[in-house]
Every structure is written in C-alpha cells, then in structure tokens.
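J.: Contents of model-v6.cif (mmCIF, C-alpha atoms and all ligand atoms) are below:
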```cif
data_coords
loop_
_atom_site.label_atom_id
_atom_site.label_comp_id
_atom_site.auth_asym_id
_atom_site.auth_seq_id
_atom_site.Cartn_x
_atom_site.Cartn_y
_atom_site.Cartn_z
CA MET A 1 90.96 65.68 89.66
CA CYS A 2 88.48 68.49 90.21
CA MET A 3 89.51 71.85 88.84
CA LEU A 4 89.52 74.44 91.58
CA ASN A 5 89.22 78.05 90.69
CA ARG A 6 92.02 79.65 92.72
CA LYS A 7 93.26 83.20 92.86
CA ILE A 8 95.68 85.55 94.53
CA VAL A 9 94.37 88.79 95.99
CA ALA A 10 96.55 91.56 97.43
CA ASP A 11 96.13 95.13 98.54
CA SER A 12 97.70 97.78 96.36
CA SER A 13 100.74 98.24 98.59
CA CYS A 14 102.17 95.23 96.72
CA ASP A 15 103.05 97.72 93.95
CA VAL A 16 101.76 95.71 90.99
CA THR A 17 98.44 96.17 89.20
CA VAL A 18 98.86 93.15 86.95
CA PHE A 19 100.26 89.81 88.05
CA PRO A 20 100.40 87.42 85.10
CA GLU A 21 101.68 84.48 87.16
CA ALA A 22 98.25 83.59 88.55
CA PRO A 23 94.63 84.77 88.45
CA PHE A 24 94.84 87.99 90.42
CA SER A 25 92.77 90.85 91.84
CA LEU A 26 93.84 94.00 93.59
CA ALA A 27 92.14 95.69 96.56
CA SER A 28 93.02 99.36 96.42
CA LEU A 29 94.07 101.58 99.25
CA LYS A 30 93.30 105.26 98.95
CA ILE A 31 95.37 108.39 99.43
CA LEU A 32 93.34 111.36 100.63
CA THR A 33 93.93 115.09 100.74
CA SER A 34 91.39 117.81 101.46
CA GLU A 35 91.30 118.42 97.71
CA LYS A 36 91.32 115.00 96.18
CA GLU A 37 91.00 111.27 96.65
CA TYR A 38 93.48 109.03 94.84
CA VAL A 39 92.45 105.42 94.35
CA ASP A 40 95.56 103.25 94.14
CA ASP A 41 94.43 101.15 91.18
CA ASP A 42 95.74 100.61 87.65
CA GLN A 43 94.24 103.98 86.60
CA LEU A 44 96.24 106.03 89.10
CA ASP A 45 98.82 108.40 87.63
CA VAL A 46 101.46 108.04 90.34
CA ALA A 47 103.69 110.80 88.92
CA GLU A 48 100.79 113.23 88.97
CA MET A 49 99.89 112.28 92.53
CA VAL A 50 103.45 112.69 93.79
CA ASP A 51 103.64 116.03 92.00
CA ASP A 52 100.31 117.21 93.47
CA LEU A 53 101.50 116.23 96.94
CA LYS A 54 104.76 118.13 96.50
CA ASN A 55 102.75 121.30 95.99
CA TYR A 56 100.29 120.58 98.77
CA SER A 57 100.82 121.55 102.38
CA GLY A 58 97.51 120.54 103.96
CA ARG A 59 96.67 117.31 105.72
CA SER A 60 96.89 114.01 103.89
CA SER A 61 96.14 110.46 104.91
CA THR A 62 95.43 106.99 103.58
CA SER A 63 92.70 104.41 104.02
CA CYS A 64 92.77 100.67 103.59
CA PRO A 65 90.37 98.44 101.64
CA ASN A 66 87.16 97.74 103.57
CA THR A 67 85.44 94.38 103.90
CA GLN A 68 83.36 94.88 100.76
CA ASP A 69 86.44 95.87 98.73
CA TRP A 70 88.06 92.58 99.74
CA LEU A 71 84.89 90.60 98.97
CA ASP A 72 84.76 92.19 95.51
CA ALA A 73 88.37 91.16 94.95
CA PHE A 74 87.69 87.58 96.10
CA GLY A 75 85.09 87.37 93.30
CA ASP A 76 83.83 83.81 93.00
CA ALA A 77 87.06 81.89 93.58
CA ASP A 78 86.93 78.52 95.35
CA GLU A 79 90.24 79.27 97.03
CA VAL A 80 91.61 82.73 97.69
CA PHE A 81 95.16 83.50 98.79
CA CYS A 82 94.98 87.01 100.17
CA VAL A 83 98.18 88.94 100.99
CA THR A 84 97.97 92.12 103.08
CA ILE A 85 100.21 94.93 104.23
CA THR A 86 101.41 94.60 107.85
CA SER A 87 98.55 94.50 110.35
CA ASN A 88 100.61 96.63 112.67
CA LEU A 89 100.39 99.72 110.47
CA SER A 90 97.11 99.25 108.62
CA GLY A 91 93.59 97.95 109.07
CA ALA A 92 93.81 96.04 105.77
CA TYR A 93 94.47 92.69 107.45
CA ASN A 94 91.55 93.01 109.89
CA ALA A 95 89.18 93.96 107.07
CA ALA A 96 90.42 90.96 105.06
CA MET A 97 89.79 88.64 108.02
CA THR A 98 86.23 89.96 108.30
CA ALA A 99 85.77 89.43 104.57
CA LYS A 100 87.11 85.87 104.89
CA ALA A 101 84.60 85.06 107.63
CA ALA A 102 81.70 86.45 105.58
CA TYR A 103 82.86 84.71 102.40
CA GLU A 104 83.30 81.30 104.02
CA LYS A 105 79.96 81.61 105.81
CA GLU A 106 78.16 82.47 102.60
CA HIS A 107 79.99 79.73 100.66
CA PRO A 108 80.89 76.86 103.02
CA ASP A 109 82.75 75.06 100.22
CA ARG A 110 85.15 77.92 99.60
CA ARG A 111 88.29 78.87 101.51
CA VAL A 112 90.33 82.01 102.06
CA LEU A 113 93.87 82.17 103.41
CA VAL A 114 94.68 85.65 104.69
CA ILE A 115 98.40 86.27 104.98
CA ASP A 116 99.65 89.14 107.12
CA SER A 117 102.89 90.03 105.32
CA LEU A 118 104.10 91.97 108.40
CA SER A 119 105.66 94.01 105.63
CA THR A 120 104.68 95.63 102.35
CA GLY A 121 105.72 96.29 98.74
CA PRO A 122 108.48 94.03 97.43
CA GLU A 123 108.24 91.50 100.26
CA MET A 124 104.54 91.04 99.50
CA LEU A 125 105.49 90.48 95.88
CA LEU A 126 107.89 87.68 96.87
CA ILE A 127 105.09 86.03 98.85
CA MET A 128 102.70 86.34 95.91
CA GLU A 129 105.27 84.81 93.56
CA LYS A 130 105.76 81.90 95.93
CA ILE A 131 102.01 81.27 96.07
CA ALA A 132 101.77 81.45 92.26
CA GLU A 133 104.54 78.86 92.00
CA MET A 134 102.66 76.50 94.29
CA ILE A 135 99.37 77.07 92.47
CA ARG A 136 101.15 76.05 89.26
CA GLU A 137 102.37 72.92 91.06
CA GLU A 138 98.78 72.23 92.12
CA ARG A 139 99.70 72.07 95.78
CA SER A 140 96.80 71.79 98.21
CA PHE A 141 95.39 74.73 100.16
CA ASP A 142 96.84 73.40 103.41
CA GLU A 143 100.24 72.77 101.87
CA ILE A 144 100.33 76.30 100.51
CA SER A 145 99.26 77.65 103.88
CA ASN A 146 102.07 75.82 105.69
CA GLU A 147 104.71 76.56 103.08
CA ILE A 148 103.95 80.26 103.06
CA ALA A 149 104.20 80.50 106.84
CA HIS A 150 107.61 78.88 106.47
CA TYR A 151 108.63 81.06 103.50
CA GLN A 152 107.83 84.21 105.49
CA GLN A 153 110.57 83.20 107.95
CA HIS A 154 112.95 83.41 105.01
CA THR A 155 112.07 86.79 103.52
CA GLY A 156 112.78 90.32 104.68
CA LEU A 157 112.36 93.97 103.78
CA LEU A 158 114.91 96.77 103.93
CA PHE A 159 114.27 100.39 103.03
CA MET A 160 116.00 103.70 102.42
CA LEU A 161 114.02 106.91 102.92
CA GLU A 162 114.83 110.57 102.32
CA SER A 163 111.76 111.84 104.07
CA MET A 164 109.42 110.32 106.62
CA ASN A 165 107.01 113.23 106.83
CA ASN A 166 103.97 111.32 105.70
CA LEU A 167 104.80 108.38 107.94
CA ALA A 168 105.13 110.67 110.96
CA ASN A 169 102.08 112.81 110.11
CA ASN A 170 99.99 109.67 110.00
CA GLY A 171 101.36 108.20 113.21
CA ARG A 172 103.29 105.34 111.59
CA VAL A 173 106.73 106.34 112.96
CA SER A 174 107.80 108.53 115.84
CA PRO A 175 108.35 112.20 114.98
CA VAL A 176 111.85 111.89 116.48
CA ILE A 177 112.91 109.37 113.85
CA ALA A 178 111.13 111.27 111.10
CA LYS A 179 113.05 114.43 111.94
CA VAL A 180 116.35 112.75 111.12
CA ALA A 181 115.09 111.77 107.67
CA GLY A 182 114.19 115.38 107.04
CA LEU A 183 117.78 116.58 107.41
CA LEU A 184 119.46 117.58 104.19
CA GLY A 185 121.42 114.73 102.64
CA ILE A 186 120.44 112.21 105.31
CA ARG A 187 118.94 108.87 104.33
CA VAL A 188 117.35 106.67 106.93
CA VAL A 189 118.05 102.99 106.39
CA GLY A 190 115.84 100.51 108.18
CA LYS A 191 113.96 97.26 108.02
CA ALA A 192 110.55 95.79 108.66
CA SER A 193 110.73 94.49 112.23
CA ASP A 194 109.55 91.03 113.26
CA VAL A 195 106.23 92.52 114.31
CA GLY A 196 105.76 94.49 111.11
CA THR A 197 106.77 97.99 112.11
CA LEU A 198 109.50 100.29 110.84
CA GLU A 199 112.81 99.73 112.59
CA GLN A 200 115.47 102.33 112.00
CA LEU A 201 118.95 100.88 111.57
CA ASN A 202 121.14 103.76 110.39
CA LYS A 203 121.27 107.40 109.45
CA CYS A 204 123.49 107.73 106.39
CA ARG A 205 125.00 110.85 104.88
CA GLY A 206 124.45 110.60 101.15
CA GLU A 207 122.93 107.98 98.93
CA ARG A 208 126.11 106.04 98.21
CA LYS A 209 126.70 105.39 101.88
CA ALA A 210 123.08 104.38 102.26
CA LEU A 211 123.38 101.88 99.40
CA ASP A 212 126.55 100.39 100.91
CA THR A 213 124.72 100.11 104.20
CA LEU A 214 121.79 98.33 102.56
CA VAL A 215 124.12 95.76 101.01
CA ARG A 216 125.83 95.21 104.35
CA HIS A 217 122.50 94.62 106.11
CA LEU A 218 121.37 92.34 103.34
CA LYS A 219 124.32 90.05 104.05
CA GLU A 220 124.00 90.30 107.81
CA LEU A 221 120.33 89.40 107.61
CA GLY A 222 121.17 86.22 105.74
CA PHE A 223 120.75 86.95 102.04
CA ASN A 224 122.75 84.37 100.15
CA GLY A 225 122.05 84.96 96.51
CA GLY A 226 118.32 84.26 96.07
CA LYS A 227 115.56 86.56 94.83
CA ILE A 228 115.41 90.31 95.34
CA ARG A 229 112.64 92.73 94.39
CA ILE A 230 113.46 96.45 94.44
CA GLY A 231 110.71 99.08 94.45
CA HIS A 232 111.58 102.76 94.13
CA CYS A 233 109.74 106.06 94.15
CA PHE A 234 111.18 108.01 91.22
CA ASN A 235 114.72 106.92 91.99
CA PRO A 236 115.68 104.49 89.21
CA GLY A 237 119.33 105.51 89.51
CA ALA A 238 119.62 104.26 93.07
CA ALA A 239 117.73 101.07 92.24
CA VAL A 240 120.04 100.26 89.32
CA GLU A 241 123.12 101.10 91.38
CA LEU A 242 121.92 98.91 94.24
CA LYS A 243 121.25 96.03 91.88
CA ALA A 244 124.76 96.34 90.44
CA ARG A 245 126.33 96.33 93.89
CA ILE A 246 124.43 93.24 94.92
CA LEU A 247 125.30 91.42 91.68
CA ASN A 248 128.93 92.28 92.31
CA GLN A 249 128.87 90.08 95.39
CA PHE A 250 126.13 87.64 94.43
CA GLU A 251 126.55 86.86 90.77
CA LYS A 252 123.52 84.59 90.63
CA ALA A 253 121.05 86.77 92.55
CA ARG A 254 117.75 87.17 90.68
CA ILE A 255 116.94 90.87 90.97
CA THR A 256 114.12 92.87 89.40
CA ILE A 257 113.28 96.56 89.76
CA HIS A 258 109.85 98.19 89.68
CA GLU A 259 108.26 101.57 90.39
CA CYS A 260 106.19 102.00 93.53
CA ARG A 261 102.48 102.52 93.02
CA GLY A 262 100.39 104.99 95.03
CA LEU A 263 100.44 103.75 98.60
CA CYS A 264 104.16 103.02 98.81
CA SER A 265 104.95 106.24 96.92
CA PHE A 266 102.92 108.24 99.44
CA TYR A 267 104.80 106.80 102.42
CA ALA A 268 108.24 106.10 100.96
CA GLU A 269 108.12 109.53 99.27
CA MET A 270 110.31 110.82 96.46
CA GLY A 271 113.66 109.02 96.35
CA GLY A 272 112.54 106.20 98.64
CA LEU A 273 113.60 102.63 97.99
CA LEU A 274 112.24 99.30 99.25
CA LEU A 275 114.03 96.01 98.96
CA GLY A 276 112.39 92.61 99.47
CA PHE A 277 114.79 89.69 99.75
CA GLU A 278 115.08 85.98 100.45
CA LYS A 279 117.31 84.85 103.28
CA ALA A 280 118.68 81.68 104.78
O1 LIG B 1 95.76 101.51 106.19
C1 LIG B 1 96.39 102.44 105.68
O2 LIG B 1 95.92 103.57 105.56
C2 LIG B 1 97.80 102.16 105.16
C3 LIG B 1 98.87 102.53 106.11
C4 LIG B 1 100.27 102.11 105.69
C5 LIG B 1 101.38 102.64 106.53
C6 LIG B 1 102.78 102.19 106.24
C7 LIG B 1 103.21 102.15 104.82
C8 LIG B 1 104.69 101.98 104.60
C9 LIG B 1 105.11 102.11 103.16
C10 LIG B 1 107.50 102.66 103.86
C11 LIG B 1 108.78 101.93 104.08
C12 LIG B 1 108.73 100.46 104.45
C13 LIG B 1 107.99 100.15 105.73
C14 LIG B 1 108.06 98.74 106.26
C15 LIG B 1 106.89 98.41 107.11
C16 LIG B 1 106.95 97.16 107.88
C17 LIG B 1 106.55 102.05 102.85
#
```
Have the structure of the file written as structure tokens, please.

T.:
Amino acid sequence: MCMLNRKIVADSSCDVTVFPEAPFSLASLKILTSEKEYVDDDQLDVAEMVDDLKNYSGRSSTSCPNTQDWLDAFGDADEVFCVTITSNLSGAYNAAMTAKAAYEKEHPDRRVLVIDSLSTGPEMLLIMEKIAEMIREERSFDEISNEIAHYQQHTGLLFMLESMNNLANNGRVSPVIAKVAGLLGIRVVGKASDVGTLEQLNKCRGERKALDTLVRHLKELGFNGGKIRIGHCFNPGAAVELKARILNQFEKARITIHECRGLCSFYAEMGGLLLGFEKA
C-alpha cells in the first residue's frame, strides 16, 4: 500500500497549538488593536493579551487566515483535512476554499477536504479528533469525507458568556443581545445554531444557574454520555464545576478541559466558557 502523507490543518480558533494525534498545522487568526497586532499562534501570551484588552478602550477587531496562510499550513501533504471556524462569522472558510483550489490545481495528485465546522473551539477539536482517529485507521479520503459530514450531525456547541462586547462591536451578534450580557451578574447561555451563528437560549442570573442551564440543554440536545471538550477563558472554576455536574449524571462521559487561545478569548472574553459535545 502506498504511504500517503496526510495532515490535519485548522485555524487557531480550535484552541490548540499542538495536536499530537496526527500531523498538524495551525493557520493563525489575528487580533488587532490600534496599538498592537496579536498573532494567535503558539507564541501568543493569551493572559497578556486579555490583560492589555482590559485596559484598552479603543477599537479592536480580528482577521482570519488568508489564502497564503492556508497554503503555508497545507505544506506538502498529499491529503489535507482542513477544519475552519463557521463560515457565517468569518472569512476563514472562503479563504481555505480558495487555497484548496490553488493547491489542487498546482498539484493534481493532491487533495484537500475543507470542513466548515459551523462552529468553533471545542466542537472543532472534536472534529479534528475524529479525523485523527480515521487517519490512524487508514480510512480513505472519501470515507473520511463522508464520515465527518455524518459526525457533524452528531456534535454541538454550547456557550456561556459574561460579556458580548467584542462580538457586538465586530458585528457578530446584535447589540440588543450583547446588552443583556453586559448586565451585572447576567450570563448569556446559547448555542451554535444550525447555520453557524450565535443563538441565545437563556439569560441566567449568576454562574451556578448558568451551569445548571448548560447541563439541561446538553441533555435536551441529545448528549448521552459521549465526549465533551470544555474551553474556558480564565474561568477554570466554572469549567471544573461543569465537568463535575455532567459526570454526576453521566458517569462515563469523557470530558477534558482546556484554556482558550487568542481568538476565542477575544470573543468569549474573561469568564467565558465553550462546550463541544457529542449527541445522539
Ligand atoms: O474572521 C474573523 O475575524 C473571526 C471572526 C470570529 C467571530 C466569532 C467568534 C466566536 C468565538 C464565542 C462563543 C461561541 C460562538 C459560537 C459560534 C457558532 C466564541
């Protein structure tokens, strides 16, 4: 059997900079203020960035990887499995599709699968892990392509946010919704919608209520004890508490916790929590 050189590529909203389960490259998004540009790569000091932003009141924005950034990440792989943040909130997917076209034209024997996660962070991680599993099993490109499309029907993303200022300032949620998240003690709980946008589900007073609400949604959305990935922005307490509550009801759930990197930290903001899960 010929040995294909295969790799996973993802934009930095996936919240990992190393991914030991498969050959992997990251395409970085950027966070921009009038004073500084933060590249969301393994060198970024996320704590410093979040701290800078806390003391900064000017305009800030983000930018997605461009076509060349994606091509650099593809490297010289025969088969690339490229996972992007939702195409409905970012240009990352479109840039990746342009890169795919250029790459396959230049190298007619190579293939790129671009996967629009319609989500971000921990749900992207679940997709990457699934691909890695199938690469280990030496499944064909087409099999992986079909299986991932199917797997995406069985994953979801929930979130809890204390502030939605950066989302609103950059036109990613309506200012009306963002205002609620700005109220003292209020946490907005929501999910990634079917079309990859933020869908608000509840306004909760206090973190404990918000965590209860997340667990309730998790069950209603069809979680039945599979994998969960929790990303948090400087809120390990809530992440640990959430994990405990889930394990209380689903003894066998496989749950890991990680810190958000730059892009998710910018938008989820201090205290924010993202939860990727498998569902029936
Ligand atoms: O292209 C760019 O500049 C990146 C824009 C990204 C905008 C959205 C990031 C959301 C980060 C917030 C909570 C979860 C949202 C779920 C979305 C479907 C995290």

J.: Do a neighbour search on range 230-243 of chain A at 10 Å with all atoms listed in the file, toss out local chain neighbours closer than 3 positions, and write the hits as number ranges by chain.

T.: A: 14-15, 46-47, 50, 121-123, 157-161, 207-208, 210-212, 214-215, 246-248, 253-262, 264-277

J.: Excluding range 24-26 of chain A and any residue of its chain fewer than 3 positions from it, enumerate the residues within 8 Å of it, using all atoms listed in the file, and give them as an NGL selection string.

T.: :A and (7-12 or 17-20 or 41 or 73-74)

J.: Would you put the residues from that selection into a file with C-alpha atoms, as a CSV table (one decimal), in the coordinates of the input?

T.:
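The result, stored in out.csv:
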```
chain,number,residue,atom,x,y,z
A,7,LYS,CA,93.3,83.2,92.9
A,8,ILE,CA,95.7,85.6,94.5
A,9,VAL,CA,94.4,88.8,96.0
A,10,ALA,CA,96.6,91.6,97.4
A,11,ASP,CA,96.1,95.1,98.5
A,12,SER,CA,97.7,97.8,96.4
A,17,THR,CA,98.4,96.2,89.2
A,18,VAL,CA,98.9,93.2,87.0
A,19,PHE,CA,100.3,89.8,88.0
A,20,PRO,CA,100.4,87.4,85.1
A,41,ASP,CA,94.4,101.2,91.2
A,73,ALA,CA,88.4,91.2,95.0
A,74,PHE,CA,87.7,87.6,96.1
```

J.: Which residues are near ligand LIG 1 (chain B) - at most 7 Å, using only C-alpha atoms and all ligand atoms? Format: as a PDB file with C-alpha atoms, in the coordinates of the input.

T.:
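Heads up, here's the output in pocket-v4.pdb:
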```
ATOM      1  CA  LEU A  29      94.070 101.580  99.250  1.00  0.00           C
ATOM      2  CA  SER A  61      96.140 110.460 104.910  1.00  0.00           C
ATOM      3  CA  THR A  62      95.430 106.990 103.580  1.00  0.00           C
ATOM      4  CA  SER A  63      92.700 104.410 104.020  1.00  0.00           C
ATOM      5  CA  CYS A  64      92.770 100.670 103.590  1.00  0.00           C
ATOM      6  CA  THR A  86     101.410  94.600 107.850  1.00  0.00           C
ATOM      7  CA  LEU A  89     100.390  99.720 110.470  1.00  0.00           C
ATOM      8  CA  SER A  90      97.110  99.250 108.620  1.00  0.00           C
ATOM      9  CA  GLY A  91      93.590  97.950 109.070  1.00  0.00           C
ATOM     10  CA  ALA A  92      93.810  96.040 105.770  1.00  0.00           C
ATOM     11  CA  LEU A 118     104.100  91.970 108.400  1.00  0.00           C
ATOM     12  CA  SER A 119     105.660  94.010 105.630  1.00  0.00           C
ATOM     13  CA  THR A 120     104.680  95.630 102.350  1.00  0.00           C
ATOM     14  CA  LEU A 157     112.360  93.970 103.780  1.00  0.00           C
ATOM     15  CA  PHE A 159     114.270 100.390 103.030  1.00  0.00           C
ATOM     16  CA  LEU A 167     104.800 108.380 107.940  1.00  0.00           C
ATOM     17  CA  ARG A 172     103.290 105.340 111.590  1.00  0.00           C
ATOM     18  CA  LYS A 191     113.960  97.260 108.020  1.00  0.00           C
ATOM     19  CA  ALA A 192     110.550  95.790 108.660  1.00  0.00           C
ATOM     20  CA  SER A 193     110.730  94.490 112.230  1.00  0.00           C
ATOM     21  CA  GLY A 196     105.760  94.490 111.110  1.00  0.00           C
ATOM     22  CA  THR A 197     106.770  97.990 112.110  1.00  0.00           C
ATOM     23  CA  LEU A 198     109.500 100.290 110.840  1.00  0.00           C
ATOM     24  CA  LEU A 263     100.440 103.750  98.600  1.00  0.00           C
ATOM     25  CA  CYS A 264     104.160 103.020  98.810  1.00  0.00           C
ATOM     26  CA  TYR A 267     104.800 106.800 102.420  1.00  0.00           C
ATOM     27  CA  ALA A 268     108.240 106.100 100.960  1.00  0.00           C
ATOM     28  CA  LEU A 274     112.240  99.300  99.250  1.00  0.00           C
TER      29      LEU A 274
END
```

J.: Which residues are close to Ala96 in chain A, i.e. within 12 Å by only C-alpha atoms, leaving aside same-chain residues fewer than 4 positions away? Reply as a ChimeraX atom specification.

T.: /A:9-11,27,64-74,80-87,90-92,100-103,112-116

J.: Can you spit out the residues from that selection as a PDB file, in the frame of the given file, using C-alpha atoms?

T.:
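Generated file (out.pdb):
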```pdb
ATOM      1  CA  VAL A   9      94.370  88.790  95.990  1.00  0.00           C
ATOM      2  CA  ALA A  10      96.550  91.560  97.430  1.00  0.00           C
ATOM      3  CA  ASP A  11      96.130  95.130  98.540  1.00  0.00           C
ATOM      4  CA  ALA A  27      92.140  95.690  96.560  1.00  0.00           C
ATOM      5  CA  CYS A  64      92.770 100.670 103.590  1.00  0.00           C
ATOM      6  CA  PRO A  65      90.370  98.440 101.640  1.00  0.00           C
ATOM      7  CA  ASN A  66      87.160  97.740 103.570  1.00  0.00           C
ATOM      8  CA  THR A  67      85.440  94.380 103.900  1.00  0.00           C
ATOM      9  CA  GLN A  68      83.360  94.880 100.760  1.00  0.00           C
ATOM     10  CA  ASP A  69      86.440  95.870  98.730  1.00  0.00           C
ATOM     11  CA  TRP A  70      88.060  92.580  99.740  1.00  0.00           C
ATOM     12  CA  LEU A  71      84.890  90.600  98.970  1.00  0.00           C
ATOM     13  CA  ASP A  72      84.760  92.190  95.510  1.00  0.00           C
ATOM     14  CA  ALA A  73      88.370  91.160  94.950  1.00  0.00           C
ATOM     15  CA  PHE A  74      87.690  87.580  96.100  1.00  0.00           C
ATOM     16  CA  VAL A  80      91.610  82.730  97.690  1.00  0.00           C
ATOM     17  CA  PHE A  81      95.160  83.500  98.790  1.00  0.00           C
ATOM     18  CA  CYS A  82      94.980  87.010 100.170  1.00  0.00           C
ATOM     19  CA  VAL A  83      98.180  88.940 100.990  1.00  0.00           C
ATOM     20  CA  THR A  84      97.970  92.120 103.080  1.00  0.00           C
ATOM     21  CA  ILE A  85     100.210  94.930 104.230  1.00  0.00           C
ATOM     22  CA  THR A  86     101.410  94.600 107.850  1.00  0.00           C
ATOM     23  CA  SER A  87      98.550  94.500 110.350  1.00  0.00           C
ATOM     24  CA  SER A  90      97.110  99.250 108.620  1.00  0.00           C
ATOM     25  CA  GLY A  91      93.590  97.950 109.070  1.00  0.00           C
ATOM     26  CA  ALA A  92      93.810  96.040 105.770  1.00  0.00           C
ATOM     27  CA  LYS A 100      87.110  85.870 104.890  1.00  0.00           C
ATOM     28  CA  ALA A 101      84.600  85.060 107.630  1.00  0.00           C
ATOM     29  CA  ALA A 102      81.700  86.450 105.580  1.00  0.00           C
ATOM     30  CA  TYR A 103      82.860  84.710 102.400  1.00  0.00           C
ATOM     31  CA  VAL A 112      90.330  82.010 102.060  1.00  0.00           C
ATOM     32  CA  LEU A 113      93.870  82.170 103.410  1.00  0.00           C
ATOM     33  CA  VAL A 114      94.680  85.650 104.690  1.00  0.00           C
ATOM     34  CA  ILE A 115      98.400  86.270 104.980  1.00  0.00           C
ATOM     35  CA  ASP A 116      99.650  89.140 107.120  1.00  0.00           C
TER      36      ASP A 116
END
```

J.: Just the number, please: distance in Å from CA of Gly182 in chain A to CA of Asp40 in chain A, one decimal.

T.: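 These two atoms are separated by 25.7 Å.
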
J.: Could you check the closest approach to Ala168 in chain A for each of A:Gly222, A:Asp76, A:Arg216, A:Val180 and tell me which residue wins, using only C-alpha atoms?

T.: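 The closest residue to Ala168 in chain A is A:Val180.
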
J.: Pick out the closest residue to Gly171 in chain A from this set: A:Ile127, A:Arg139, A:Ser60, A:Met97. Count all atoms listed in the file.

T.: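 Smallest separation from Gly171 in chain A among the options: A:Ser60.
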
J.: Between CA of Ala132 in chain A and CA of Ala22 in chain A, what distance in Å does the model show, to one decimal?

T.: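 These two atoms are separated by 5.5 Å.
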
J.: One decimal, Å: what's the distance from CA of Glu220 in chain A over to CA of Arg205 in chain A, could you say?

T.: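 So the two atoms, CA of Glu220 in chain A and CA of Arg205 in chain A, lie 20.8 Å apart.
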
J.: Pick out the closest residue to Met134 in chain A from this set: A:Met3, A:Glu21, A:Leu44, A:His107. Count only C-alpha atoms.

T.: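 Closest residue, counting only C-alpha atoms: A:Glu21.
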
J.: Give as an MDAnalysis selection string the set of residues within 8 Å of the point (112.2, 86.3, 106.3), where distances use the file's coordinates and all atoms listed in the file.

T.: chainID A and resid 151:156 277:279

J.: Write out as a ChimeraX atom specification each polymer residue whose atoms come within 6 Å of Glu79 in chain A, counting all atoms listed in the file; drop sequence neighbours fewer than 3 positions from it.

T.: /A:6,110-112

J.: Keeping only C-alpha atoms, write those residues as a short mmCIF file (atom, residue, chain, number, x, y, z; two decimals), keeping the file's coordinate frame.

T.:
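Printed below is again.cif as written:
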```cif
data_model
loop_
_atom_site.label_atom_id
_atom_site.label_comp_id
_atom_site.auth_asym_id
_atom_site.auth_seq_id
_atom_site.Cartn_x
_atom_site.Cartn_y
_atom_site.Cartn_z
CA ARG A 6 92.02 79.65 92.72
CA ARG A 110 85.15 77.92 99.60
CA ARG A 111 88.29 78.87 101.51
CA VAL A 112 90.33 82.01 102.06
#
```

J.: For Tyr93 in chain A, which residue among A:Asp78, A:Ser34, A:Ser117, A:Glu138 is the nearest when counting all atoms listed in the file?

T.: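 For Tyr93 in chain A, the nearest of the candidates is A:Ser117.
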
J.: Which one of A:Leu201, A:Leu53, A:Ile177, A:Ile228 sits closest to Lys252 in chain A if you count all atoms listed in the file?

T.: A:Ile228

J.: To test the calculation: enclose all listed atoms of range 209-212 of chain A in a box whose edges run along x, y and z, add 3 Å on each side, then state centre and edge lengths in Å to one decimal, as JSON.

T.:
```
{"center_x": 124.9, "center_y": 102.9, "center_z": 100.8, "size_x": 9.6, "size_y": 11.0, "size_z": 8.9}
```
